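**Q** So here's work31.txt, just compact mmCIF, C-alpha atoms:
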# COMPACT_ATOMS: atom_id res chain seq x y z
CA MET A 1 82.64 96.71 139.89
CA SER A 2 83.55 93.02 139.69
CA PHE A 3 83.01 90.85 142.76
CA MET A 4 86.77 90.33 143.21
CA SER A 5 87.45 94.09 143.11
CA PHE A 6 84.67 94.57 145.64
CA VAL A 7 86.09 91.89 147.94
CA LYS A 8 89.58 93.40 147.58
CA LYS A 9 88.28 96.86 148.51
CA ASN A 10 86.46 95.47 151.56
CA LEU A 11 89.49 93.45 152.58
CA ILE A 12 91.52 96.67 152.68
CA ASP A 13 88.76 98.30 154.78
CA TYR A 14 88.79 95.25 157.06
CA PHE A 15 92.49 95.52 157.80
CA ILE A 16 92.22 99.28 158.33
CA ILE A 17 89.44 98.68 160.90
CA VAL A 18 91.41 95.87 162.61
CA THR A 19 94.42 98.17 162.92
CA GLY A 20 92.21 101.00 164.21
CA VAL A 21 90.60 98.75 166.84
CA ASN A 22 94.05 97.50 167.91
CA ILE A 23 95.28 101.06 168.38
CA ALA A 24 92.08 102.00 170.26
CA ILE A 25 92.41 98.99 172.61
CA ALA A 26 96.07 99.78 173.26
CA VAL A 27 95.56 103.52 173.88
CA LEU A 28 92.37 103.18 175.97
CA GLY A 29 93.72 100.17 177.89
CA MET A 30 97.02 101.86 178.77
CA ASN A 31 95.18 104.97 179.98
CA TYR A 32 92.16 103.53 181.79
CA LYS A 33 93.11 99.98 182.82
CA PRO A 34 96.92 99.74 182.72
CA GLU A 35 96.93 96.92 185.29
CA GLU A 36 94.56 94.69 183.27
CA LEU A 37 96.04 91.48 181.85
CA LEU A 38 94.64 90.10 178.64
CA GLY A 39 94.68 86.50 177.45
CA TYR A 40 95.56 85.25 173.99
CA ASP A 41 91.86 85.29 173.10
CA ALA A 42 91.98 89.12 173.25
CA PHE A 43 93.81 89.05 169.91
CA PHE A 44 90.61 87.80 168.29
CA SER A 45 88.44 90.76 169.27
CA PRO A 46 89.84 93.25 166.68
CA LEU A 47 89.54 90.57 164.00
CA ILE A 48 85.92 89.83 164.94
CA LEU A 49 85.03 93.53 165.25
CA GLY A 50 86.58 94.17 161.84
CA ALA A 51 84.44 91.43 160.29
CA VAL A 52 81.30 92.70 162.04
CA ALA A 53 81.94 96.20 160.69
CA VAL A 54 82.80 95.16 157.13
CA LEU A 55 80.28 92.38 156.40
CA PRO A 56 77.27 94.77 156.12
CA SER A 57 79.14 96.55 153.27
CA PHE A 58 78.19 93.65 151.01
CA VAL A 59 74.78 95.35 150.81
CA PHE A 60 76.42 97.70 148.31
CA TYR A 61 77.62 95.01 145.95
CA SER A 62 76.12 95.17 142.48
CA ARG A 63 77.47 94.17 139.08
CA ARG A 64 75.58 97.09 137.55
CA GLU A 65 75.98 100.76 138.26
CA LEU A 66 73.47 101.69 140.95
CA SER A 67 71.18 104.64 140.40
CA LEU A 68 70.97 107.42 142.97
CA ARG A 69 67.72 106.00 144.36
CA GLN A 70 69.07 102.43 144.55
CA MET A 71 72.20 103.70 146.28
CA LEU A 72 70.21 105.69 148.84
CA ILE A 73 68.01 102.66 149.63
CA ARG A 74 71.11 100.48 150.07
CA ARG A 75 72.72 103.18 152.22
CA VAL A 76 69.74 103.07 154.61
CA ILE A 77 69.75 99.23 154.62
CA HIS A 78 73.51 99.30 155.30
CA LEU A 79 73.06 101.60 158.28
CA ILE A 80 70.29 99.40 159.73
CA VAL A 81 72.29 96.16 159.22
CA LEU A 82 75.41 97.80 160.66
CA GLU A 83 73.50 98.97 163.74
CA LEU A 84 71.97 95.51 164.23
CA THR A 85 75.28 93.63 163.86
CA LEU A 86 77.14 96.03 166.15
CA VAL A 87 74.41 95.93 168.80
CA GLY A 88 74.28 92.13 168.45
CA PHE A 89 78.04 91.93 168.89
CA GLY A 90 77.81 94.30 171.88
CA TYR A 91 75.28 92.03 173.59
CA ILE A 92 77.19 88.83 172.88
CA ALA A 93 80.43 90.41 174.12
CA GLY A 94 78.62 91.68 177.23
CA LEU A 95 79.38 95.33 176.44
CA LEU A 96 75.72 96.41 176.21
CA THR A 97 73.85 95.55 179.37
CA GLY A 98 70.83 97.87 179.48
CA LEU A 99 68.37 99.76 177.28
CA ASN A 100 69.86 103.21 177.94
CA ILE A 101 73.37 102.20 177.03
CA THR A 102 72.07 100.41 173.92
CA ILE A 103 70.16 103.52 172.76
CA SER A 104 73.24 105.67 173.39
CA PHE A 105 75.36 103.19 171.44
CA VAL A 106 72.91 103.20 168.49
CA LEU A 107 72.92 107.02 168.44
CA ILE A 108 76.72 107.16 168.58
CA VAL A 109 77.01 104.71 165.66
CA PHE A 110 74.48 106.82 163.71
CA ALA A 111 76.39 110.04 164.48
CA VAL A 112 79.71 108.50 163.40
CA TYR A 113 78.06 107.17 160.22
CA VAL A 114 76.67 110.61 159.30
CA PHE A 115 79.95 112.28 160.24
CA THR A 116 81.95 110.01 157.91
CA LEU A 117 79.51 110.73 155.07
CA ILE A 118 79.91 114.48 155.65
CA ILE A 119 83.71 114.16 155.66
CA ARG A 120 83.51 112.14 152.46
CA TRP A 121 81.28 114.82 150.91
CA ILE A 122 83.77 117.55 151.82
CA ILE A 123 86.69 115.55 150.34
CA ASP A 124 84.65 114.83 147.19
CA SER A 125 83.73 118.52 146.84
CA LYS A 126 87.43 119.37 146.92
CA THR A 127 88.15 116.68 144.31
CA ALA A 128 85.29 118.00 142.12
CA LEU A 129 86.75 121.51 142.34
CA GLU A 130 90.17 120.25 141.22
CA ILE A 131 88.58 118.32 138.35
CA ASN A 132 86.62 121.40 137.25
CA LEU A 133 89.80 123.50 137.20
CA GLY A 134 91.54 120.76 135.18
CA LEU A 135 88.62 120.60 132.74
CA LYS A 136 88.66 124.37 132.28
CA ARG A 137 92.38 124.14 131.49
CA ILE A 138 91.98 121.54 128.72
CA GLN A 139 88.87 123.20 127.32
CA GLU A 140 90.73 126.48 126.87
CA MET B 1 99.58 105.62 91.77
CA LYS B 2 100.49 102.53 93.76
CA VAL B 3 98.68 101.84 97.03
CA ARG B 4 100.48 100.13 99.87
CA ILE B 5 98.89 99.27 103.23
CA GLU B 6 101.05 98.41 106.18
CA THR B 7 99.52 96.89 109.31
CA ILE B 8 100.92 98.34 112.52
CA ASN B 9 100.55 97.69 116.25
CA LYS B 10 97.84 99.39 118.30
CA THR B 11 100.56 101.18 120.24
CA GLU B 12 101.79 103.02 117.16
CA GLU B 13 100.14 106.08 115.69
CA GLU B 14 98.30 105.61 112.41
CA LEU B 15 99.72 107.63 109.53
CA VAL B 16 98.84 108.22 105.88
CA LEU B 17 101.97 108.97 103.89
CA ILE B 18 101.72 110.17 100.30
CA ARG B 19 104.93 109.98 98.30
CA CYS B 20 104.62 112.10 95.14
CA TYR B 21 106.70 114.10 92.64
CA LYS B 22 104.60 117.20 93.20
CA VAL B 23 101.42 118.21 95.04
CA ASN B 24 98.84 118.23 92.24
CA ASP B 25 95.02 118.25 92.34
CA GLU B 26 94.87 114.50 92.72
CA VAL B 27 97.10 114.60 95.81
CA THR B 28 95.19 117.56 97.28
CA GLU B 29 91.94 115.65 96.82
CA LEU B 30 93.40 112.68 98.66
CA VAL B 31 94.63 114.90 101.49
CA ASP B 32 91.20 116.54 101.82
CA PHE B 33 89.56 113.14 101.93
CA VAL B 34 91.87 111.87 104.68
CA ARG B 35 91.47 115.05 106.70
CA ALA B 36 87.70 114.86 106.39
CA ARG B 37 87.76 111.27 107.56
CA ASP B 38 89.97 112.10 110.49
CA GLY B 39 87.90 112.69 113.60
CA MET B 40 84.75 111.35 112.02
CA VAL B 41 82.66 108.39 113.05
CA SER B 42 79.85 106.63 111.18
CA GLY B 43 76.49 106.83 112.94
CA TYR B 44 73.38 104.87 112.01
CA ASP B 45 69.87 106.21 112.27
CA ASN B 46 67.49 103.40 111.21
CA THR B 47 68.43 102.97 107.54
CA GLN B 48 70.65 106.00 107.04
CA ILE B 49 74.35 106.41 107.72
CA PHE B 50 75.77 109.73 108.86
CA GLN B 51 79.34 110.95 109.26
CA ILE B 52 79.53 112.53 112.69
CA ALA B 53 82.38 114.76 113.84
CA LEU B 54 83.83 113.57 117.15
CA ARG B 55 83.76 117.14 118.43
CA ASP B 56 79.94 117.05 118.19
CA ILE B 57 79.59 113.92 120.32
CA TYR B 58 78.82 114.47 124.00
CA TYR B 59 79.17 110.84 125.04
CA PHE B 60 79.00 107.23 123.92
CA GLU B 61 76.87 104.80 125.86
CA GLY B 62 76.75 101.01 125.73
CA VAL B 63 73.24 99.63 126.17
CA ASP B 64 72.41 95.93 125.71
CA ASN B 65 75.38 95.16 123.46
CA LYS B 66 74.76 98.24 121.33
CA VAL B 67 76.64 101.52 121.42
CA TYR B 68 75.02 104.89 120.91
CA ALA B 69 76.57 108.31 120.31
CA TYR B 70 74.73 111.19 121.97
CA LEU B 71 74.92 114.56 120.29
CA LYS B 72 73.32 117.81 121.44
CA ASN B 73 69.83 116.84 120.30
CA SER B 74 70.20 113.50 118.54
CA VAL B 75 71.32 109.91 119.06
CA TYR B 76 73.01 107.56 116.57
CA GLU B 77 73.94 103.92 116.82
CA ILE B 78 77.65 103.20 116.40
CA LYS B 79 78.85 99.87 115.03
CA SER B 80 81.83 99.61 117.35
CA LYS B 81 82.38 98.26 120.83
CA LEU B 82 82.75 100.74 123.66
CA TYR B 83 86.26 99.53 124.49
CA GLU B 84 87.30 100.00 120.84
CA LEU B 85 86.06 103.60 120.92
CA GLU B 86 87.89 104.07 124.21
CA GLU B 87 91.14 102.82 122.67
CA ASP B 88 90.70 104.86 119.50
CA TYR B 89 89.59 108.16 121.02
CA HIS B 90 91.24 108.47 124.41
CA LYS B 91 93.72 110.89 122.82
CA ARG B 92 90.76 112.97 121.65
CA LYS B 93 89.66 113.60 125.22
CA PHE B 94 87.12 110.79 125.45
CA PHE B 95 87.20 109.34 128.92
CA ARG B 96 85.66 106.16 130.32
CA CYS B 97 83.68 107.58 133.25
CA SER B 98 81.66 104.46 134.11
CA LYS B 99 81.20 100.89 132.97
CA SER B 100 78.91 101.93 130.13
CA ILE B 101 79.80 105.54 129.29
CA LEU B 102 82.61 107.22 127.41
CA VAL B 103 82.29 110.97 127.88
CA ASN B 104 83.80 113.82 125.86
CA LEU B 105 85.77 115.86 128.40
CA LEU B 106 85.42 118.94 126.21
CA LYS B 107 81.64 118.78 126.64
CA ILE B 108 81.58 118.73 130.44
CA GLU B 109 80.35 121.94 132.03
CA CYS B 110 81.10 120.93 135.61
CA VAL B 111 81.55 117.99 137.96
CA LYS B 112 79.77 117.66 141.31
CA PRO B 113 79.86 115.05 144.05
CA ALA B 114 76.70 112.92 144.13
CA LEU B 115 74.93 111.64 147.22
CA ASN B 116 75.59 108.05 146.19
CA GLY B 117 79.33 108.39 146.71
CA ARG B 118 80.06 109.06 143.07
CA PHE B 119 80.34 112.16 140.91
CA THR B 120 77.99 113.57 138.32
CA ALA B 121 79.18 115.43 135.26
CA LYS B 122 76.82 118.07 133.92
CA LEU B 123 77.25 118.35 130.17
CA LEU B 124 76.93 121.48 128.04
CA ASN B 125 73.56 120.23 126.72
CA GLY B 126 72.19 119.95 130.27
CA GLU B 127 72.39 116.15 130.48
CA GLN B 128 74.09 114.49 133.43
CA VAL B 129 76.31 111.40 133.41
CA ILE B 130 77.71 109.48 136.35
CA ILE B 131 81.44 109.32 137.01
CA SER B 132 82.21 106.17 139.00
CA ARG B 133 84.59 106.58 141.90
CA GLN B 134 86.94 103.94 140.48
CA TYR B 135 87.56 106.05 137.33
CA VAL B 136 88.32 109.29 139.21
CA PRO B 137 92.09 108.57 139.67
CA GLU B 138 92.38 108.04 135.88
CA LEU B 139 90.54 111.31 135.23
CA LYS B 140 92.87 113.16 137.61
CA LYS B 141 95.82 111.63 135.77
CA ILE B 142 94.47 112.84 132.40
CA LEU B 143 93.88 116.32 133.82
CA GLN B 144 97.33 116.22 135.44
CA ILE B 145 95.96 116.98 138.89
Spit out the file's structure as structure tokens when you get a sec.
**A**
Amino acid sequence: MSFMSFVKKNLIDYFIIVTGVNIAIAVLGMNYKPEELLGYDAFFSPLILGAVAVLPSFVFYSRRELSLRQMLIRRVIHLIVLELTLVGFGYIAGLLTGLNITISFVLIVFAVYVFTLIIRWIIDSKTALEINLGLKRIQE
Amino acid sequence: MKVRIETINKTEEELVLIRCYKVNDEVTELVDFVRARDGMVSGYDNTQIFQIALRDIYYFEGVDNKVYAYLKNSVYEIKSKLYELEEDYHKRKFFRCSKSILVNLLKIECVKPALNGRFTAKLLNGEQVIISRQYVPELKKILQI
């Protein structure tokens, strides 16, 4: 994949995350702290969170096709970098104040990461099944 | 017999037209020759040249500016660029499945998702090739999924 295609793909991911964070802030805020007033600076938090979440994805960039082993190594590095950046952001933003909450946060990020990979695997399995049926059709 | 060659655009289908008074031995010989050439590709094995039927090729792979054709048990160098083969043989079920591989769809046994977020195609000879995620929509289009 060319660098520009990679950047384009990540830019799409970035805006999806920003929109998701916006929705989460709106829904959680309306339900749990409806009286809270936010300043203009609050508009920056989804943008910053989006960047924090997307920047570690650059670990996957390669001009060559990655082998299974290379991809697995980068996947592990990505998870570690993602955990570190999110925890770092949590501390700077004052969201993570103690060890227990930090450990819980790390575990939740890990669980969500694994969950998304499982969902992706299920979707890919369905796609593979469709492709196999299509292949059978043209081979007959 | 006069010979006339007309250059056409890549978008048009190539055609050999023989205009004759009657179909004699000479014409039949020409037809056989054209038919034999159709669906064949020249493969190089050190000093020898072989005519390989496309149906016998499992996949083409580009490695260090060279292109190789992989058959069931043998490999031949092809003196064409991968993108040229892709243009010439996409109608013959050859599909660009990654940056460096053009696979024969008729030689794929099954496709499975890989752990690295891509797909692997197991070929009828037991070999496996990677299908990059970015080429999957094109494959689905070809298979009319």
**Q** Closest to chain B among A:Ile118, A:Val87, A:Val27, A:Val7, using all atoms listed in the file?
**A**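 Distance minimum relative to chain B lands on A:Ile118.
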**Q** Given the choices A:Tyr91, A:Phe3, A:Phe60, A:Phe115, which gets closest to chain B if the distance is worked out from only C-alpha atoms?
**A**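 Distance minimum relative to chain B lands on A:Phe60.
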**Q** Env of Asn73 (chain B): 12 Å cut, atoms = only C-alpha atoms, seq-sep filter 5 positions within chain, self excluded. Answer as a short mmCIF file (atom, residue, chain, number, x, y, z; two decimals) with C-alpha atoms, keeping the file's coordinate frame.
**A**
data_model
loop_
_atom_site.label_atom_id
_atom_site.label_comp_id
_atom_site.auth_asym_id
_atom_site.auth_seq_id
_atom_site.Cartn_x
_atom_site.Cartn_y
_atom_site.Cartn_z
CA ASP B 56 79.94 117.05 118.19
CA ILE B 57 79.59 113.92 120.32
CA TYR B 58 78.82 114.47 124.00
CA LEU B 124 76.93 121.48 128.04
CA ASN B 125 73.56 120.23 126.72
CA GLY B 126 72.19 119.95 130.27
CA GLU B 127 72.39 116.15 130.48
#
**Q** Please, which residues of chain A lie no more than 10 Å from chain B when the count uses only C-alpha atoms, and can they be set out as an NGL selection string?
**A** :A and (1 or 63-75 or 117 or 120-140)
**Q** Kindly export the residues of the current selection with C-alpha atoms, as a compact mmCIF listing (two decimals), in the frame of the given file.
**A**
# COMPACT_ATOMS: atom_id res chain seq x y z
CA MET A 1 82.64 96.71 139.89
CA ARG A 63 77.47 94.17 139.08
CA ARG A 64 75.58 97.09 137.55
CA GLU A 65 75.98 100.76 138.26
CA LEU A 66 73.47 101.69 140.95
CA SER A 67 71.18 104.64 140.40
CA LEU A 68 70.97 107.42 142.97
CA ARG A 69 67.72 106.00 144.36
CA GLN A 70 69.07 102.43 144.55
CA MET A 71 72.20 103.70 146.28
CA LEU A 72 70.21 105.69 148.84
CA ILE A 73 68.01 102.66 149.63
CA ARG A 74 71.11 100.48 150.07
CA ARG A 75 72.72 103.18 152.22
CA LEU A 117 79.51 110.73 155.07
CA ARG A 120 83.51 112.14 152.46
CA TRP A 121 81.28 114.82 150.91
CA ILE A 122 83.77 117.55 151.82
CA ILE A 123 86.69 115.55 150.34
CA ASP A 124 84.65 114.83 147.19
CA SER A 125 83.73 118.52 146.84
CA LYS A 126 87.43 119.37 146.92
CA THR A 127 88.15 116.68 144.31
CA ALA A 128 85.29 118.00 142.12
CA LEU A 129 86.75 121.51 142.34
CA GLU A 130 90.17 120.25 141.22
CA ILE A 131 88.58 118.32 138.35
CA ASN A 132 86.62 121.40 137.25
CA LEU A 133 89.80 123.50 137.20
CA GLY A 134 91.54 120.76 135.18
CA LEU A 135 88.62 120.60 132.74
CA LYS A 136 88.66 124.37 132.28
CA ARG A 137 92.38 124.14 131.49
CA ILE A 138 91.98 121.54 128.72
CA GLN A 139 88.87 123.20 127.32
CA GLU A 140 90.73 126.48 126.87
**Q** If you measure from CA of Arg92 (chain B) to CA of Met40 (chain B), what distance in Å do you get, rounded to one decimal?
**A**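 Separation of CA of Arg92 (chain B) and CA of Met40 (chain B): 11.5 Å.
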